[in-house]
Every structure is written in C-alpha cells, then in structure tokens.
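S.K.: Structure incoming, see below.
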Amino acid sequence: MSHRSAPVALLERLSMDDSVRGQTTSALVERPSLSEALIVSTCNRLEVYTVTSSFHTGVNDVVEVLHEISGVDIETLRGYLYVRYADAAAEHMLVVASGLDSMVVGEQQIIGQVRTAYQQATEAGTVGPGLHALAQTALHTGKRVHSETDIDEAGASMVSFAIDRALTQMGIDPTSEKPLAGRTALVLGAGAMSSLAATHLGREGVDKLIMANRTRERAERGASHSLEAGVPAEVIDFADRASVLDRVDMVVSATGADDFTVKPADIPAGAQLMLVDLSMPRDIDDACAEVPGVDLVNIERLHRAKREDPTGDATEGADALAIVREELEAFTSEQRIRDVVPAVSAL
C-alpha cells in the first residue's frame, strides 16, 4: 500500500515503528504458508515482502496479520492493497529501492529505509535465502541507479520537497539564493528526517536554528553539527517548545511522538508561522492551519500537491529503469538456476 493507492489517513493507521514492525514480521512467519517476511514502512508506503508456499493462502495470511495488528477491517485493506507475485514482486522492490516509486522520484532516503527493514528482519530471523537474495539485489540496484545516472539531480528528498512547498506558500521563491535569510526555524526531533531538515534549512540560508528533542543530548549533538556548518543553533528542552513560537518563522517537526507536538493553543496571538510536519502519524494538529497567520504543510498536503502537479514523473528515470531491467534479469536467472540445481543433481 503506498501514496499511489491509499489515502494518508489509512497509511497513518498502518504506519509501524520498529517494535510493531518486528512484532508483525514475527506474526507473519508464524503463518503456515509464509516462511520469510520483511516490512518496509515509511510515511509514504507500507510494503510486506514474503516467501510463500501458496499465492492465495499467502495473500490471505498477510491481510489477516495486517488486520490483527492495525485494527483496519479486512475489506478496507483489500480495497487499497496491491499485490505483486514472483518476478513482478522482485521488480517492484528494485524499483522502490531505486527511488523510482517515490512521491519525489529519485529521492535517496528510501534506499536507507529498505536497508534498515532488511537489517531488522535479518536480526529478527524472518529473512531466509529468498528475501536475502532479493534485498541484496535491490540495494545493489539502488546504489547503481544513484551512482550511474543523474537521477539525484531530479530527486530531492521528501524534506527538501516539503520545505520548498512551504517556501512557496510563504510567498518566497524556493529557487532564489538563500531564501530563508533573516529567518529563524524550530526543528523538533533528532532522527534522520529532523537532521536532514536542519541541514536543508542551513543550506537555504536560515539565520538561526532552535532545536528540541525528548532526549536533550541528541538535540545538542544536532546543534553542534549545525554550528560546525556555520549555522547558529540553540537548544531548548522539549517541554519548552511552545515558548519559542513567538520568535520563529518556521517549525519543522519529525518526532513520531504519541501526542501532537504543536496544537492551536500553543500558538501565540498574532504569530506568523509556517508549520512543516514530516511525521507519520502526524506530529502537528491539522487545526493549527485554521489559526490566523498560520499555514501548514504535511504529508497529506504534499500528496495532494504532487497529484495536482506530477511534473516530470513520466520522463524521469529512463536510464534508471534500464539498470533495473538488467539487474532483474540477472536476479531471476540466478533464482531459476538455484531452483533447478537440486533437480539436476538428483538426476
């Protein structure tokens, strides 16, 4: 299920943190038809890769496990899930790892997310020879695509796409030199998305970064990186985040918190604020956008913007697709040889 097939609200309900993902892969391989399982869960997709002894039984087992874990009813799941089998499933993972199925074609975060999913499933013992070979091929394909084509030039990350969108909504040309000059931004969180956001804000010329994270030490580490890059940075306690909203122009939140990090009641009267929510499930209450002077960019709004202006998606990545086809052919040939060797040996 991805941004191509499902609404954000449903993707949100199926979003999995590391512990839920581990629990789900373990539940999958306990099913008699499934011997291996790996799950890629990001803000734009939930994908379950399995090795199964029976196609229809395998699909039913996957749907039932997703239903049990998420609470989403089976008919809704069947209405939005898409299924790939055998060579088509292998091709899909190669396309995903290459950034060709991303909302922003060519974005580089997805290859790291596929690698993390593979590593976690390996540690959990739910990856066997089938998914091991496929994941290794997908990661190799993604590396080749990024090193041998110019897709990186077209492929901004979700972070830069979101911030560019925010700048446009602020009436600032994102292609101008140092568009955030003279502005201050608050970054909530200290994970990969927050770090990327801080780096991108610095590149866009932000005057100052204020950083907050539930673990203050991690925010301080991020601030030191920012200072090394020549961008002034200040650290505040996570609990004090609302106290600085009257002196920032933009808030970028990517925490994965259980509760909203910014609520309408937190926003001071008369504030002019651009809120950027990079989390799934959402960090920032949608109702904040109804406060006068406040605007919001989040995953749902980015999906909408991309559907309205899918510029370049049809033509980008022709060279990358050629690499995918080449790697897929090598992979499927190798799998067929591996499958036939025992029969030949027996004969």
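Going by the structure tokens order, chains are called A, B, ..., each with residues numbered from 1, while ligands are numbered from 1 in the order shown.
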If you run DSSP on the backbone here, which positions in range 181-234 of chain A get helix (DSSP H, G or I)? Please write them as a PyMOL selection string.
M.R.: chain A and resi 192-203+216-228
S.K.: If we count only C-alpha atoms and set the cut-off at 9 Å, which residues sit around Glu148 in chain A, ignoring sequence neighbours fewer than 2 positions away in its own chain? Please answer as a list in words.
M.R.: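 Final neighbour list, sorted by chain and number: Lys143, Arg144, Val145, His146, Asp150, Ile151, Asp319, Ala320 and Ile323 of chain A.
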S.K.: Rounded to one decimal, what separation in Å do you get between CA of Ala271 in chain A and CA of Val252 in chain A?
M.R.: 15.8 Å
S.K.: Taking into account only C-alpha atoms, which residue in the set A:Val262, A:Ser195, A:Thr25, A:Arg45 is nearest to Val127 in chain A?
M.R.: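 Among the listed residues, the smallest separation from Val127 in chain A belongs to A:Thr25.
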S.K.: Can you tell me, as a PDB file with N, CA and C atoms, in the first residue's frame, what residues are no more than 12 Å from Leu245 in chain A when counting only C-alpha atoms, ignoring any on the same chain fewer than 4 positions away?
M.R.:
```pdb
ATOM      1  N   THR A 184      14.248  32.502  11.349  1.00  0.00           N
ATOM      2  CA  THR A 184      14.612  31.534  12.396  1.00  0.00           C
ATOM      3  C   THR A 184      13.673  30.340  12.298  1.00  0.00           C
ATOM      4  N   ALA A 185      14.214  29.137  12.494  1.00  0.00           N
ATOM      5  CA  ALA A 185      13.383  27.929  12.397  1.00  0.00           C
ATOM      6  C   ALA A 185      13.564  27.071  13.648  1.00  0.00           C
ATOM      7  N   LEU A 186      12.474  26.455  14.090  1.00  0.00           N
ATOM      8  CA  LEU A 186      12.484  25.496  15.198  1.00  0.00           C
ATOM      9  C   LEU A 186      12.402  24.098  14.609  1.00  0.00           C
ATOM     10  N   VAL A 187      13.344  23.231  14.959  1.00  0.00           N
ATOM     11  CA  VAL A 187      13.341  21.844  14.493  1.00  0.00           C
ATOM     12  C   VAL A 187      13.057  20.934  15.680  1.00  0.00           C
ATOM     13  N   LEU A 188      11.972  20.168  15.593  1.00  0.00           N
ATOM     14  CA  LEU A 188      11.581  19.243  16.664  1.00  0.00           C
ATOM     15  C   LEU A 188      11.922  17.816  16.244  1.00  0.00           C
ATOM     16  N   ILE A 210      16.647  26.646  16.191  1.00  0.00           N
ATOM     17  CA  ILE A 210      16.383  26.273  17.585  1.00  0.00           C
ATOM     18  C   ILE A 210      15.999  24.800  17.553  1.00  0.00           C
ATOM     19  N   ASP A 240       9.591  22.906  26.543  1.00  0.00           N
ATOM     20  CA  ASP A 240       9.513  24.363  26.393  1.00  0.00           C
ATOM     21  C   ASP A 240       9.304  24.809  24.945  1.00  0.00           C
ATOM     22  N   ARG A 241       8.995  23.861  24.064  1.00  0.00           N
ATOM     23  CA  ARG A 241       8.938  24.187  22.629  1.00  0.00           C
ATOM     24  C   ARG A 241       7.915  25.283  22.306  1.00  0.00           C
ATOM     25  N   ASP A 249       9.969  31.683  12.545  1.00  0.00           N
ATOM     26  CA  ASP A 249       9.159  31.852  11.336  1.00  0.00           C
ATOM     27  C   ASP A 249       8.638  30.512  10.813  1.00  0.00           C
ATOM     28  N   MET A 250       9.378  29.447  11.146  1.00  0.00           N
ATOM     29  CA  MET A 250       9.026  28.125  10.639  1.00  0.00           C
ATOM     30  C   MET A 250       9.273  27.082  11.719  1.00  0.00           C
ATOM     31  N   VAL A 251       8.381  26.075  11.779  1.00  0.00           N
ATOM     32  CA  VAL A 251       8.573  24.920  12.663  1.00  0.00           C
ATOM     33  C   VAL A 251       8.597  23.679  11.787  1.00  0.00           C
ATOM     34  N   VAL A 252       9.629  22.853  11.943  1.00  0.00           N
ATOM     35  CA  VAL A 252       9.694  21.568  11.241  1.00  0.00           C
ATOM     36  C   VAL A 252       9.669  20.480  12.314  1.00  0.00           C
ATOM     37  N   THR A 261       2.880  17.610  18.690  1.00  0.00           N
ATOM     38  CA  THR A 261       3.971  18.459  19.183  1.00  0.00           C
ATOM     39  C   THR A 261       3.593  19.932  19.119  1.00  0.00           C
ATOM     40  N   VAL A 262       2.671  20.286  18.228  1.00  0.00           N
ATOM     41  CA  VAL A 262       2.166  21.664  18.145  1.00  0.00           C
ATOM     42  C   VAL A 262       0.645  21.607  18.043  1.00  0.00           C
ATOM     43  N   LYS A 263      -0.039  22.345  18.947  1.00  0.00           N
ATOM     44  CA  LYS A 263      -1.500  22.406  18.949  1.00  0.00           C
ATOM     45  C   LYS A 263      -1.924  23.866  18.806  1.00  0.00           C
ATOM     46  N   PRO A 264      -3.168  24.116  18.387  1.00  0.00           N
ATOM     47  CA  PRO A 264      -3.614  25.510  18.232  1.00  0.00           C
ATOM     48  C   PRO A 264      -3.404  26.357  19.486  1.00  0.00           C
ATOM     49  N   ALA A 265      -3.612  25.767  20.656  1.00  0.00           N
ATOM     50  CA  ALA A 265      -3.480  26.521  21.913  1.00  0.00           C
ATOM     51  C   ALA A 265      -2.044  26.963  22.179  1.00  0.00           C
ATOM     52  N   ASP A 266      -1.072  26.300  21.506  1.00  0.00           N
ATOM     53  CA  ASP A 266       0.337  26.649  21.714  1.00  0.00           C
ATOM     54  C   ASP A 266       0.739  27.919  20.962  1.00  0.00           C
ATOM     55  N   ILE A 267      -0.050  28.288  19.952  1.00  0.00           N
ATOM     56  CA  ILE A 267       0.370  29.353  19.036  1.00  0.00           C
ATOM     57  C   ILE A 267       0.001  30.716  19.609  1.00  0.00           C
ATOM     58  N   PRO A 268       1.002  31.587  19.796  1.00  0.00           N
ATOM     59  CA  PRO A 268       0.714  32.908  20.374  1.00  0.00           C
ATOM     60  C   PRO A 268      -0.086  33.792  19.424  1.00  0.00           C
ATOM     61  N   ALA A 269      -0.902  34.668  19.981  1.00  0.00           N
ATOM     62  CA  ALA A 269      -1.731  35.557  19.160  1.00  0.00           C
ATOM     63  C   ALA A 269      -0.850  36.411  18.257  1.00  0.00           C
ATOM     64  N   GLY A 270      -1.278  36.527  17.013  1.00  0.00           N
ATOM     65  CA  GLY A 270      -0.578  37.380  16.058  1.00  0.00           C
ATOM     66  C   GLY A 270       0.640  36.752  15.421  1.00  0.00           C
ATOM     67  N   ALA A 271       0.935  35.486  15.757  1.00  0.00           N
ATOM     68  CA  ALA A 271       2.116  34.825  15.184  1.00  0.00           C
ATOM     69  C   ALA A 271       1.941  34.596  13.686  1.00  0.00           C
ATOM     70  N   GLN A 272       3.033  34.746  12.944  1.00  0.00           N
ATOM     71  CA  GLN A 272       3.071  34.395  11.524  1.00  0.00           C
ATOM     72  C   GLN A 272       3.969  33.162  11.420  1.00  0.00           C
ATOM     73  N   LEU A 273       3.334  32.004  11.249  1.00  0.00           N
ATOM     74  CA  LEU A 273       4.084  30.751  11.358  1.00  0.00           C
ATOM     75  C   LEU A 273       3.859  29.842  10.158  1.00  0.00           C
ATOM     76  N   MET A 274       4.936  29.221   9.681  1.00  0.00           N
ATOM     77  CA  MET A 274       4.841  28.161   8.679  1.00  0.00           C
ATOM     78  C   MET A 274       5.180  26.853   9.388  1.00  0.00           C
ATOM     79  N   LEU A 275       4.242  25.920   9.434  1.00  0.00           N
ATOM     80  CA  LEU A 275       4.430  24.639  10.105  1.00  0.00           C
ATOM     81  C   LEU A 275       4.665  23.545   9.066  1.00  0.00           C
ATOM     82  N   VAL A 294      -1.266  31.382  10.303  1.00  0.00           N
ATOM     83  CA  VAL A 294      -0.547  30.104  10.359  1.00  0.00           C
ATOM     84  C   VAL A 294      -0.859  29.278   9.119  1.00  0.00           C
TER      85      VAL A 294
END
```
S.K.: Give me the residues near Asp164 in chain A as a PyMOL selection string, where near means some atom within 10 Å (using only C-alpha atoms) and where sequence neighbours in that chain fewer than 6 positions away do not count.
M.R.: chain A and resi 156+158+170+172-175+179+204
